[in-house]
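The next block is model.pdb, given as PDB, C-alpha atoms.
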MODEL        1
ATOM      1  CA  MET A 104    -201.588 -18.148  41.913
ATOM      2  CA  VAL A 105    -203.755 -19.238  44.826
ATOM      3  CA  SER A 106    -207.070 -20.554  43.525
ATOM      4  CA  VAL A 107    -210.261 -18.639  44.291
ATOM      5  CA  LYS A 108    -213.507 -18.964  42.384
ATOM      6  CA  THR A 109    -214.560 -15.353  42.851
ATOM      7  CA  PRO A 110    -212.399 -12.299  43.549
ATOM      8  CA  LEU A 111    -211.735 -11.047  47.057
ATOM      9  CA  ALA A 112    -213.052  -7.650  48.127
ATOM     10  CA  VAL A 113    -210.417  -5.412  49.736
ATOM     11  CA  THR A 114    -211.522  -2.427  51.801
ATOM     12  CA  CYS A 115    -209.775   0.906  51.462
ATOM     13  CA  GLY A 116    -208.945   1.236  55.181
ATOM     14  CA  GLU A 117    -207.715   4.516  56.647
ATOM     15  CA  PRO A 118    -206.648   6.665  53.643
ATOM     16  CA  ALA A 119    -203.950   8.443  55.654
ATOM     17  CA  GLY A 120    -202.397   5.130  56.689
ATOM     18  CA  ILE A 121    -200.448   2.421  54.915
ATOM     19  CA  GLY A 122    -203.455   0.440  53.673
ATOM     20  CA  PRO A 123    -203.331   2.008  50.198
ATOM     21  CA  ASP A 124    -199.546   1.518  50.094
ATOM     22  CA  ILE A 125    -199.556  -2.194  50.892
ATOM     23  CA  THR A 126    -202.451  -2.789  48.501
ATOM     24  CA  LEU A 127    -200.551  -1.132  45.657
ATOM     25  CA  MET A 128    -197.266  -2.829  46.559
ATOM     26  CA  SER A 129    -198.949  -6.220  46.719
ATOM     27  CA  TRP A 130    -200.630  -5.866  43.329
ATOM     28  CA  ALA A 131    -197.320  -4.749  41.795
ATOM     29  CA  ALA A 132    -195.694  -7.941  43.158
ATOM     30  CA  ARG A 133    -198.753 -10.149  42.600
ATOM     31  CA  LYS A 134    -196.896 -12.865  40.681
ATOM     32  CA  THR A 135    -193.956 -13.035  43.071
ATOM     33  CA  LEU A 136    -196.316 -13.116  46.058
ATOM     34  CA  SER A 137    -198.656 -15.695  44.417
ATOM     35  CA  LEU A 138    -201.726 -13.585  45.093
ATOM     36  CA  PRO A 139    -205.342 -14.446  44.269
ATOM     37  CA  THR A 140    -207.514 -12.010  42.339
ATOM     38  CA  PHE A 141    -208.840  -9.112  44.369
ATOM     39  CA  TYR A 142    -210.393  -5.724  43.836
ATOM     40  CA  LEU A 143    -210.284  -2.628  45.997
ATOM     41  CA  ARG A 144    -213.406  -0.756  47.081
ATOM     42  CA  GLY A 145    -212.516   2.926  47.330
ATOM     43  CA  ASP A 146    -211.720   6.098  45.439
ATOM     44  CA  PRO A 147    -209.849   5.231  42.210
ATOM     45  CA  GLY A 148    -208.484   8.761  41.827
ATOM     46  CA  PHE A 149    -206.966   8.653  45.291
ATOM     47  CA  ILE A 150    -205.413   5.246  44.653
ATOM     48  CA  GLY A 151    -203.823   6.500  41.450
ATOM     49  CA  ARG A 152    -202.372   9.519  43.248
ATOM     50  CA  ARG A 153    -200.939   7.375  46.031
ATOM     51  CA  ALA A 154    -199.315   5.085  43.450
ATOM     52  CA  ARG A 155    -197.613   8.080  41.839
ATOM     53  CA  ARG A 156    -196.476   9.335  45.232
ATOM     54  CA  LEU A 157    -194.915   5.949  45.921
ATOM     55  CA  GLY A 158    -193.354   5.795  42.467
ATOM     56  CA  ILE A 159    -195.086   2.499  41.683
ATOM     57  CA  ASP A 160    -196.349   1.772  38.185
ATOM     58  CA  VAL A 161    -199.838   0.494  38.968
ATOM     59  CA  PRO A 162    -202.494   1.161  36.327
ATOM     60  CA  VAL A 163    -205.941   1.469  37.896
ATOM     61  CA  GLN A 164    -209.083   0.198  36.182
ATOM     62  CA  VAL A 165    -212.562   1.136  37.442
ATOM     63  CA  VAL A 166    -214.691  -2.016  37.356
ATOM     64  CA  GLU A 167    -217.661  -3.833  38.794
ATOM     65  CA  PRO A 168    -216.728  -6.776  41.078
ATOM     66  CA  GLU A 169    -217.497  -9.438  38.479
ATOM     67  CA  GLU A 170    -215.074  -7.767  36.033
ATOM     68  CA  ALA A 171    -212.073  -8.012  38.353
ATOM     69  CA  ILE A 172    -210.911 -11.461  37.284
ATOM     70  CA  GLY A 173    -210.739 -10.448  33.629
ATOM     71  CA  CYS A 174    -208.480  -7.444  34.176
ATOM     72  CA  PHE A 175    -206.470  -8.324  37.289
ATOM     73  CA  SER A 176    -203.391  -9.430  35.363
ATOM     74  CA  LYS A 177    -203.005  -5.974  33.767
ATOM     75  CA  TYR A 178    -204.757  -3.530  36.102
ATOM     76  CA  LEU A 179    -205.527  -3.029  39.758
ATOM     77  CA  PRO A 180    -209.339  -3.323  39.740
ATOM     78  CA  VAL A 181    -211.055  -0.618  41.811
ATOM     79  CA  VAL A 182    -214.785  -0.505  42.471
ATOM     80  CA  ALA A 183    -215.612   3.152  43.079
ATOM     81  CA  THR A 184    -217.095   3.420  46.574
ATOM     82  CA  GLY A 185    -217.713   6.332  48.899
ATOM     83  CA  ASP A 186    -216.708   9.963  48.593
ATOM     84  CA  PRO A 187    -213.520  11.183  46.895
ATOM     85  CA  VAL A 188    -210.506  11.197  49.208
ATOM     86  CA  ASP A 189    -207.486  13.508  49.309
ATOM     87  CA  ASP A 190    -204.014  11.990  49.387
ATOM     88  CA  ARG A 191    -202.625  13.247  52.703
ATOM     89  CA  PRO A 192    -200.521  10.472  54.210
ATOM     90  CA  GLY A 193    -200.202  10.611  57.968
ATOM     91  CA  GLU A 194    -202.892  13.303  58.357
ATOM     92  CA  GLU A 195    -206.025  11.986  60.021
ATOM     93  CA  ALA A 196    -209.080  13.613  58.402
ATOM     94  CA  GLU A 197    -212.572  13.309  59.822
ATOM     95  CA  GLU A 198    -214.183  13.852  56.430
ATOM     96  CA  THR A 199    -212.870  10.498  55.147
ATOM     97  CA  ALA A 200    -214.796   8.489  57.759
ATOM     98  CA  HIS A 201    -217.894   7.902  55.641
ATOM     99  CA  ALA A 202    -215.777   6.570  52.760
ATOM    100  CA  VAL A 203    -213.993   4.140  55.091
ATOM    101  CA  ILE A 204    -217.258   2.825  56.554
ATOM    102  CA  ALA A 205    -218.918   2.612  53.126
ATOM    103  CA  SER A 206    -216.034   0.483  51.826
ATOM    104  CA  ILE A 207    -216.488  -2.059  54.623
ATOM    105  CA  GLU A 208    -220.259  -2.214  54.247
ATOM    106  CA  ALA A 209    -220.104  -2.569  50.463
ATOM    107  CA  SER A 210    -217.451  -5.293  50.629
ATOM    108  CA  VAL A 211    -219.552  -7.361  53.029
ATOM    109  CA  GLU A 212    -222.584  -6.844  50.787
ATOM    110  CA  ASP A 213    -220.528  -8.100  47.825
ATOM    111  CA  VAL A 214    -219.916 -11.376  49.655
ATOM    112  CA  ARG A 215    -223.594 -11.697  50.587
ATOM    113  CA  GLU A 216    -224.536 -11.245  46.913
ATOM    114  CA  GLY A 217    -221.923 -13.745  45.721
ATOM    115  CA  ARG A 218    -219.805 -11.105  43.958
ATOM    116  CA  ALA A 219    -216.810 -11.673  46.252
ATOM    117  CA  GLY A 220    -215.406 -14.773  47.875
ATOM    118  CA  GLY A 221    -214.329 -13.025  51.071
ATOM    119  CA  VAL A 222    -213.347  -9.702  52.583
ATOM    120  CA  VAL A 223    -209.808  -8.513  53.318
ATOM    121  CA  THR A 224    -209.828  -5.363  55.420
ATOM    122  CA  ASN A 225    -207.112  -2.747  55.473
ATOM    123  CA  PRO A 226    -206.318  -1.143  58.851
ATOM    124  CA  ILE A 227    -208.656   1.537  60.180
ATOM    125  CA  ASN A 228    -208.350   4.164  62.895
ATOM    126  CA  LYS A 229    -211.481   3.809  65.009
ATOM    127  CA  ALA A 230    -211.057   7.234  66.618
ATOM    128  CA  ALA A 231    -211.235   8.859  63.183
ATOM    129  CA  LEU A 232    -214.600   7.170  62.527
ATOM    130  CA  TYR A 233    -216.458   8.006  65.714
ATOM    131  CA  GLY A 234    -217.641  11.379  64.435
ATOM    132  CA  ALA A 235    -219.390   9.600  61.552
ATOM    133  CA  GLY A 236    -221.466   7.473  63.893
ATOM    134  CA  PHE A 237    -219.136   4.475  64.164
ATOM    135  CA  THR A 238    -219.832   3.056  67.630
ATOM    136  CA  TYR A 239    -217.883  -0.202  67.562
ATOM    137  CA  PRO A 240    -214.632  -0.984  69.430
ATOM    138  CA  GLY A 241    -213.087  -2.402  66.264
ATOM    139  CA  HIS A 242    -213.461  -4.124  62.913
ATOM    140  CA  THR A 243    -214.380  -7.441  64.521
ATOM    141  CA  GLU A 244    -217.411  -6.095  66.352
ATOM    142  CA  PHE A 245    -218.603  -4.068  63.342
ATOM    143  CA  LEU A 246    -218.410  -7.120  61.097
ATOM    144  CA  GLY A 247    -220.421  -9.061  63.663
ATOM    145  CA  HIS A 248    -223.076  -6.337  63.510
ATOM    146  CA  LEU A 249    -223.194  -6.535  59.706
ATOM    147  CA  ALA A 250    -223.489 -10.324  59.815
ATOM    148  CA  ASN A 251    -226.362 -10.176  62.285
ATOM    149  CA  THR A 252    -228.065  -7.481  60.210
ATOM    150  CA  HIS A 253    -227.829  -9.084  56.769
ATOM    151  CA  TRP A 254    -227.750 -12.873  57.360
ATOM    152  CA  PRO A 255    -230.848 -14.659  58.670
ATOM    153  CA  ASP A 256    -229.291 -17.619  60.488
ATOM    154  CA  GLY A 257    -227.703 -15.750  63.414
ATOM    155  CA  PRO A 258    -227.044 -14.580  65.959
ATOM    156  CA  TYR A 259    -223.341 -14.614  65.140
ATOM    157  CA  LEU A 260    -220.555 -14.100  67.680
ATOM    158  CA  PRO A 261    -217.430 -12.745  65.952
ATOM    159  CA  VAL A 262    -214.239 -14.263  67.335
ATOM    160  CA  MET A 263    -210.825 -12.736  66.657
ATOM    161  CA  MET A 264    -208.015 -15.091  65.693
ATOM    162  CA  ILE A 265    -204.417 -14.181  64.952
ATOM    163  CA  ALA A 266    -203.051 -16.957  62.742
ATOM    164  CA  GLY A 267    -199.341 -17.215  62.063
ATOM    165  CA  PRO A 268    -197.112 -19.982  60.754
ATOM    166  CA  GLU A 269    -195.946 -20.860  64.291
ATOM    167  CA  LEU A 270    -198.826 -19.782  66.522
ATOM    168  CA  MET A 271    -202.607 -19.391  66.380
ATOM    169  CA  VAL A 272    -204.310 -17.458  69.179
ATOM    170  CA  VAL A 273    -207.806 -16.258  70.132
ATOM    171  CA  PRO A 274    -208.591 -13.593  72.751
ATOM    172  CA  ILE A 275    -211.918 -14.342  74.461
ATOM    173  CA  THR A 276    -212.528 -10.711  75.418
ATOM    174  CA  ILE A 277    -211.292  -8.329  72.755
ATOM    175  CA  HIS A 278    -211.352  -4.543  72.648
ATOM    176  CA  ILE A 279    -212.233  -3.686  76.228
ATOM    177  CA  ALA A 280    -210.295  -2.114  79.076
ATOM    178  CA  LEU A 281    -208.334  -4.519  81.251
ATOM    179  CA  LYS A 282    -210.285  -3.445  84.349
ATOM    180  CA  ASP A 283    -213.509  -4.643  82.670
ATOM    181  CA  VAL A 284    -212.259  -8.124  81.770
ATOM    182  CA  PRO A 285    -213.224 -10.020  84.970
ATOM    183  CA  LEU A 286    -216.864  -8.943  84.726
ATOM    184  CA  ALA A 287    -217.061  -9.563  80.962
ATOM    185  CA  LEU A 288    -215.461 -13.005  81.254
ATOM    186  CA  THR A 289    -218.371 -15.406  81.743
ATOM    187  CA  GLU A 290    -218.592 -19.163  81.578
ATOM    188  CA  ASP A 291    -220.983 -18.944  78.614
ATOM    189  CA  LEU A 292    -218.654 -16.607  76.687
ATOM    190  CA  ILE A 293    -215.713 -18.970  77.154
ATOM    191  CA  VAL A 294    -217.798 -21.960  76.059
ATOM    192  CA  GLU A 295    -219.203 -20.242  72.969
ATOM    193  CA  THR A 296    -215.777 -18.917  71.935
ATOM    194  CA  GLY A 297    -214.284 -22.392  72.347
ATOM    195  CA  ARG A 298    -217.072 -23.942  70.272
ATOM    196  CA  ILE A 299    -216.655 -21.431  67.446
ATOM    197  CA  THR A 300    -212.872 -21.790  67.466
ATOM    198  CA  ALA A 301    -213.013 -25.584  67.348
ATOM    199  CA  ASN A 302    -215.669 -25.592  64.618
ATOM    200  CA  ASP A 303    -213.896 -23.097  62.354
ATOM    201  CA  MET A 304    -210.539 -24.811  62.830
ATOM    202  CA  LYS A 305    -212.209 -27.982  61.531
ATOM    203  CA  THR A 306    -214.333 -26.558  58.724
ATOM    204  CA  ARG A 307    -212.067 -23.751  57.502
ATOM    205  CA  PHE A 308    -208.530 -24.692  58.530
ATOM    206  CA  GLY A 309    -208.759 -28.452  58.086
ATOM    207  CA  PHE A 310    -207.905 -29.642  61.620
ATOM    208  CA  SER A 311    -209.595 -32.984  62.288
ATOM    209  CA  ALA A 312    -209.469 -32.633  66.085
ATOM    210  CA  PRO A 313    -208.114 -29.207  67.091
ATOM    211  CA  ARG A 314    -206.347 -28.999  70.439
ATOM    212  CA  LEU A 315    -207.302 -25.849  72.350
ATOM    213  CA  ALA A 316    -205.228 -24.568  75.284
ATOM    214  CA  PHE A 317    -206.801 -21.949  77.556
ATOM    215  CA  CYS A 318    -204.793 -19.403  79.523
ATOM    216  CA  GLY A 319    -205.708 -18.644  83.087
ATOM    217  CA  LEU A 320    -206.826 -15.127  83.894
ATOM    218  CA  ASN A 321    -204.615 -14.544  86.912
ATOM    219  CA  PRO A 322    -200.862 -15.073  87.397
ATOM    220  CA  HIS A 323    -200.054 -18.788  87.617
ATOM    221  CA  ALA A 324    -203.720 -19.493  86.769
ATOM    222  CA  GLY A 325    -204.721 -18.194  90.188
ATOM    223  CA  GLU A 326    -202.509 -20.436  92.376
ATOM    224  CA  ASN A 327    -205.567 -22.444  93.490
ATOM    225  CA  GLY A 328    -207.427 -19.299  94.437
ATOM    226  CA  ALA A 329    -204.565 -17.502  96.175
ATOM    227  CA  MET A 330    -204.381 -14.897  93.390
ATOM    228  CA  GLY A 331    -207.987 -14.686  92.230
ATOM    229  CA  THR A 332    -210.857 -17.135  92.018
ATOM    230  CA  GLU A 333    -211.924 -16.694  88.378
ATOM    231  CA  ASP A 334    -209.727 -19.532  87.131
ATOM    232  CA  GLN A 335    -211.507 -22.001  89.398
ATOM    233  CA  SER A 336    -215.015 -20.545  89.420
ATOM    234  CA  VAL A 337    -215.425 -19.433  85.786
ATOM    235  CA  ILE A 338    -212.772 -20.855  83.467
ATOM    236  CA  ALA A 339    -212.493 -24.421  84.794
ATOM    237  CA  PRO A 340    -216.257 -25.123  84.633
ATOM    238  CA  ALA A 341    -216.377 -23.740  81.096
ATOM    239  CA  LEU A 342    -213.616 -26.102  80.006
ATOM    240  CA  GLU A 343    -215.443 -29.027  81.605
ATOM    241  CA  ARG A 344    -218.468 -28.174  79.472
ATOM    242  CA  LEU A 345    -216.339 -28.034  76.324
ATOM    243  CA  ARG A 346    -214.733 -31.377  77.091
ATOM    244  CA  SER A 347    -218.183 -32.895  77.681
ATOM    245  CA  GLU A 348    -218.988 -31.883  74.090
ATOM    246  CA  GLY A 349    -215.942 -33.712  72.777
ATOM    247  CA  ILE A 350    -213.721 -30.631  72.339
ATOM    248  CA  ASP A 351    -210.056 -31.053  73.285
ATOM    249  CA  ALA A 352    -209.742 -28.195  75.801
ATOM    250  CA  THR A 353    -206.900 -27.994  78.328
ATOM    251  CA  GLY A 354    -206.423 -25.463  81.091
ATOM    252  CA  PRO A 355    -206.619 -23.067  82.671
ATOM    253  CA  LEU A 356    -202.849 -22.902  82.231
ATOM    254  CA  PRO A 357    -200.335 -20.318  83.499
ATOM    255  CA  ALA A 358    -199.981 -17.949  80.542
ATOM    256  CA  ASP A 359    -196.329 -17.182  81.236
ATOM    257  CA  THR A 360    -195.250 -20.726  80.329
ATOM    258  CA  MET A 361    -197.538 -21.372  77.352
ATOM    259  CA  PHE A 362    -195.629 -19.789  74.499
ATOM    260  CA  HIS A 363    -192.102 -21.186  74.444
ATOM    261  CA  PRO A 364    -191.387 -23.584  71.543
ATOM    262  CA  GLN A 365    -191.851 -26.839  73.486
ATOM    263  CA  ALA A 366    -195.139 -25.686  75.013
ATOM    264  CA  ARG A 367    -196.530 -24.673  71.612
ATOM    265  CA  GLN A 368    -196.153 -28.256  70.403
ATOM    266  CA  GLN A 369    -198.898 -29.327  72.834
ATOM    267  CA  TYR A 370    -201.771 -27.382  71.250
ATOM    268  CA  ASP A 371    -203.049 -26.005  67.956
ATOM    269  CA  CYS A 372    -204.569 -22.757  69.250
ATOM    270  CA  ALA A 373    -204.114 -20.792  72.474
ATOM    271  CA  LEU A 374    -207.145 -18.971  73.850
ATOM    272  CA  GLY A 375    -206.482 -16.055  76.179
ATOM    273  CA  MET A 376    -208.793 -14.263  78.532
ATOM    274  CA  TYR A 377    -207.928 -10.777  77.259
ATOM    275  CA  HIS A 378    -206.492  -9.074  74.189
ATOM    276  CA  ASP A 379    -202.817  -8.571  75.030
ATOM    277  CA  GLN A 380    -202.441 -11.901  76.832
ATOM    278  CA  VAL A 381    -202.262 -13.740  73.511
ATOM    279  CA  LEU A 382    -201.681 -10.997  70.939
ATOM    280  CA  VAL A 383    -198.325 -10.026  72.462
ATOM    281  CA  PRO A 384    -196.773 -13.476  71.921
ATOM    282  CA  ALA A 385    -198.487 -13.875  68.547
ATOM    283  CA  LYS A 386    -197.113 -10.606  67.211
ATOM    284  CA  THR A 387    -193.700 -11.173  68.763
ATOM    285  CA  ILE A 388    -193.338 -14.552  67.093
ATOM    286  CA  GLY A 389    -194.826 -13.695  63.686
ATOM    287  CA  PHE A 390    -195.463  -9.983  63.282
ATOM    288  CA  ASP A 391    -194.912  -9.770  59.518
ATOM    289  CA  GLU A 392    -196.501 -13.126  58.679
ATOM    290  CA  SER A 393    -199.539 -13.311  60.952
ATOM    291  CA  VAL A 394    -203.088 -12.706  59.766
ATOM    292  CA  ASN A 395    -206.127 -11.444  61.660
ATOM    293  CA  VAL A 396    -209.035 -13.812  60.907
ATOM    294  CA  THR A 397    -212.582 -13.329  62.163
ATOM    295  CA  LEU A 398    -214.162 -16.642  63.103
ATOM    296  CA  GLY A 399    -217.848 -17.234  63.722
ATOM    297  CA  LEU A 400    -219.115 -15.223  60.745
ATOM    298  CA  PRO A 401    -221.104 -16.435  57.716
ATOM    299  CA  PHE A 402    -218.364 -15.052  55.463
ATOM    300  CA  VAL A 403    -214.558 -15.054  55.298
ATOM    301  CA  ARG A 404    -212.746 -12.040  56.659
ATOM    302  CA  THR A 405    -209.000 -11.587  57.066
ATOM    303  CA  SER A 406    -206.817  -8.579  57.726
ATOM    304  CA  PRO A 407    -203.126  -7.733  58.131
ATOM    305  CA  ASP A 408    -201.991  -7.994  61.720
ATOM    306  CA  HIS A 409    -200.943  -4.365  62.144
ATOM    307  CA  GLY A 410    -202.361  -0.874  62.339
ATOM    308  CA  THR A 411    -202.414   2.218  60.148
ATOM    309  CA  ALA A 412    -198.731   3.098  60.702
ATOM    310  CA  TYR A 413    -199.209   6.788  59.894
ATOM    311  CA  ALA A 414    -195.469   7.456  60.128
ATOM    312  CA  LEU A 415    -194.798   5.115  57.188
ATOM    313  CA  ALA A 416    -197.735   6.129  54.982
ATOM    314  CA  GLY A 417    -196.697   7.427  51.576
ATOM    315  CA  SER A 418    -193.014   6.711  52.231
ATOM    316  CA  GLY A 419    -192.702   3.403  50.398
ATOM    317  CA  LYS A 420    -191.209   1.833  53.537
ATOM    318  CA  ALA A 421    -194.258  -0.175  54.598
ATOM    319  CA  ARG A 422    -194.023  -3.953  54.265
ATOM    320  CA  PRO A 423    -196.865  -5.758  52.487
ATOM    321  CA  ASP A 424    -196.063  -9.201  53.935
ATOM    322  CA  SER A 425    -199.026  -9.476  56.315
ATOM    323  CA  PHE A 426    -201.458  -8.031  53.766
ATOM    324  CA  ALA A 427    -200.280 -10.519  51.135
ATOM    325  CA  ALA A 428    -200.627 -13.343  53.665
ATOM    326  CA  SER A 429    -204.158 -12.108  54.408
ATOM    327  CA  LEU A 430    -205.084 -12.357  50.732
ATOM    328  CA  ARG A 431    -203.666 -15.857  50.379
ATOM    329  CA  MET A 432    -205.390 -17.055  53.546
ATOM    330  CA  ALA A 433    -208.726 -15.537  52.526
ATOM    331  CA  ALA A 434    -208.505 -17.374  49.213
ATOM    332  CA  VAL A 435    -207.896 -20.700  50.942
ATOM    333  CA  LEU A 436    -210.605 -20.153  53.561
ATOM    334  CA  SER A 437    -213.054 -19.190  50.802
ATOM    335  CA  ASP A 438    -212.444 -22.557  49.133
ATOM    336  CA  PRO A 439    -211.819 -25.265  51.786
ATOM    337  CA  SER A 440    -211.225 -27.833  49.013
ATOM    338  CA  THR A 441    -207.758 -26.303  48.622
ATOM    339  CA  LEU A 442    -206.751 -27.453  52.130
TER     340      LEU A 442
ENDMDL
END
Would you mind writing the file's structure down as structure tokens?
Amino acid sequence: MVSVKTPLAVTCGEPAGIGPDITLMSWAARKTLSLPTFYLRGDPGFIGRRARRLGIDVPVQVVEPEEAIGCFSKYLPVVATGDPVDDRPGEEAEETAHAVIASIEASVEDVREGRAGGVVTNPINKAALYGAGFTYPGHTEFLGHLANTHWPDGPYLPVMMIAGPELMVVPITIHIALKDVPLALTEDLIVETGRITANDMKTRFGFSAPRLAFCGLNPHAGENGAMGTEDQSVIAPALERLRSEGIDATGPLPADTMFHPQARQQYDCALGMYHDQVLVPAKTIGFDESVNVTLGLPFVRTSPDHGTAYALAGSGKARPDSFAASLRMAAVLSDPSTL
């Protein structure tokens, strides 16, 4: 088993998606997958019904977070949170939104109170939450809001990282439309994202001197201004500032030649200017093994690198690989002495 001093809090995610499935499948294979202790925050009755639907023998035990370690070997610990949920795989239901949000908020509060070592989030469907007052583009931004609300030493800038065995990437702008990227992409944002990435790669991932490679925004990194000026006027000055602080930052580099095997040997993390620029290669290279990690927060948060997969929910065909990797990574990041 991966060592962790306190259990990990797992959010319920979208009930109609595969989050419940991969949680149940992972607990059932906990020894084979070498999983740390975790508990699920959600509706225990719903989890039991989903287990029966999947034909998996997973006994559920309702607990408080501090009781999870004592029963994890025999039961899936569930901390009852939010309203009861119906088991309707693949059917988005607006009435489940409050339970989904409550699970995230309670899990973060558990970490703040020292009852959990980190948070592992199951996939959510943001559109299904908007009617309940959820106003954030994604998990990352909502977790940043919770950090800035409940921790005194902020402000905190949440940074999304996709970490796989062959590639680590960070998008500097995240869940915004492509047409909005040039205006959102500022020198200060690039500098702060680079600082956070370098710091967390040192303190959480154990890199002594992380090498950061920055993609250009435009094709061929702008061709010296022939295809856009942002690479010269915004990105290059930001990288100069990072280098002046002792951070190994190269670029801006043409993104189309950054991700073949030889190129990946030249850096430890690739930072892209927009979401798909770096998430496409990351998911292509390591879809089932990559983990979504939020950097820049006062707590550990990981998540599987996939969505709700409604079409697979309740079928038993979902793969728990990325969720299991998320649990193992959260355990390590929660206890850097294991690096």
For this session: Determine the residue set returned by the PyMOL selection byres ((chain A and resi 344) around 12) for the present structure, and present it as a VMD selection string.
Result: chain A and resid 290 to 295 297 to 298 337 to 343 345 to 353
Problem set entry | Ala171 in chain A environment, 10 Å, all atoms listed in the file, sequence neighbours closer than 2 positions dropped, as a PyMOL selection string | chain A and resi 109-112+140-143+164-169+173-176+178-182+219
Store the residues picked out above, limited to C-alpha atoms, as a PDB file, in the frame of the given file.
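And here's result-v7.pdb as it stands now:
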ATOM      1  CA  THR A 109    -214.560 -15.353  42.851  1.00  0.00           C
ATOM      2  CA  PRO A 110    -212.399 -12.299  43.549  1.00  0.00           C
ATOM      3  CA  LEU A 111    -211.735 -11.047  47.057  1.00  0.00           C
ATOM      4  CA  ALA A 112    -213.052  -7.650  48.127  1.00  0.00           C
ATOM      5  CA  THR A 140    -207.514 -12.010  42.339  1.00  0.00           C
ATOM      6  CA  PHE A 141    -208.840  -9.112  44.369  1.00  0.00           C
ATOM      7  CA  TYR A 142    -210.393  -5.724  43.836  1.00  0.00           C
ATOM      8  CA  LEU A 143    -210.284  -2.628  45.997  1.00  0.00           C
ATOM      9  CA  GLN A 164    -209.083   0.198  36.182  1.00  0.00           C
ATOM     10  CA  VAL A 165    -212.562   1.136  37.442  1.00  0.00           C
ATOM     11  CA  VAL A 166    -214.691  -2.016  37.356  1.00  0.00           C
ATOM     12  CA  GLU A 167    -217.661  -3.833  38.794  1.00  0.00           C
ATOM     13  CA  PRO A 168    -216.728  -6.776  41.078  1.00  0.00           C
ATOM     14  CA  GLU A 169    -217.497  -9.438  38.479  1.00  0.00           C
ATOM     15  CA  GLY A 173    -210.739 -10.448  33.629  1.00  0.00           C
ATOM     16  CA  CYS A 174    -208.480  -7.444  34.176  1.00  0.00           C
ATOM     17  CA  PHE A 175    -206.470  -8.324  37.289  1.00  0.00           C
ATOM     18  CA  SER A 176    -203.391  -9.430  35.363  1.00  0.00           C
ATOM     19  CA  TYR A 178    -204.757  -3.530  36.102  1.00  0.00           C
ATOM     20  CA  LEU A 179    -205.527  -3.029  39.758  1.00  0.00           C
ATOM     21  CA  PRO A 180    -209.339  -3.323  39.740  1.00  0.00           C
ATOM     22  CA  VAL A 181    -211.055  -0.618  41.811  1.00  0.00           C
ATOM     23  CA  VAL A 182    -214.785  -0.505  42.471  1.00  0.00           C
ATOM     24  CA  ALA A 219    -216.810 -11.673  46.252  1.00  0.00           C
TER      25      ALA A 219
END
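Each of A:Met264, A:Leu281, A:Ala119, A:Leu398 was compared to Ala385 in chain A using only C-alpha atoms, and A:Met264 turns out to be the nearest.
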Problem set entry | Expected selection from the PyMOL selection byres ((chain A and resi 247) around 7), given as JSON, numbers by chain | {"A": [243, 244, 245, 246, 248, 249, 250, 251, 259, 260, 261, 400]}
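The smallest atom-to-atom distance between Tyr239 in chain A and any of A:Ile388, A:Ile227, A:Met304, A:Ile150, using all atoms listed in the file, is found for A:Ile227.
Proximity of A:Gly267, A:Gly221, A:Gly148, A:Pro187 to Val403 in chain A, computed with only C-alpha atoms, is greatest for A:Gly221.
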Problem set entry | Output check: residues returned by the PyMOL selection byres ((chain A and resi 124) around 9), as an NGL selection string | :A and (120-123 or 125-129 or 150 or 153-154 or 157 or 416-419 or 421-423)
Kindly save the residues from that selection, with C-alpha atoms included, as a CSV table (one decimal), in the frame of the given file.
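Just written: part10.csv:
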chain,number,residue,atom,x,y,z
A,120,GLY,CA,-202.4,5.1,56.7
A,121,ILE,CA,-200.4,2.4,54.9
A,122,GLY,CA,-203.5,0.4,53.7
A,123,PRO,CA,-203.3,2.0,50.2
A,125,ILE,CA,-199.6,-2.2,50.9
A,126,THR,CA,-202.5,-2.8,48.5
A,127,LEU,CA,-200.6,-1.1,45.7
A,128,MET,CA,-197.3,-2.8,46.6
A,129,SER,CA,-198.9,-6.2,46.7
A,150,ILE,CA,-205.4,5.2,44.7
A,153,ARG,CA,-200.9,7.4,46.0
A,154,ALA,CA,-199.3,5.1,43.4
A,157,LEU,CA,-194.9,5.9,45.9
A,416,ALA,CA,-197.7,6.1,55.0
A,417,GLY,CA,-196.7,7.4,51.6
A,418,SER,CA,-193.0,6.7,52.2
A,419,GLY,CA,-192.7,3.4,50.4
A,421,ALA,CA,-194.3,-0.2,54.6
A,422,ARG,CA,-194.0,-4.0,54.3
A,423,PRO,CA,-196.9,-5.8,52.5
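Considering the residues A:Glu269, A:Asp379, A:Glu216, A:Asp146 and counting only C-alpha atoms, Phe362 in chain A has its shortest atom-to-atom contact with A:Glu269.
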Problem set entry | Shell of 9 Å around Gln335 in chain A, all atoms listed in the file, local chain residues under 6 positions omitted, as a list in words | Ala324, Gly325, Asn327, Gly328 and Pro355 of chain A
Problem set entry | Close residues, range 365-376 of chain A itself excluded, 8 Å, only C-alpha atoms, min 3 positions apart in chain, as an NGL selection string | :A and (270-276 or 284 or 288 or 313-320 or 360-362 or 380-381)
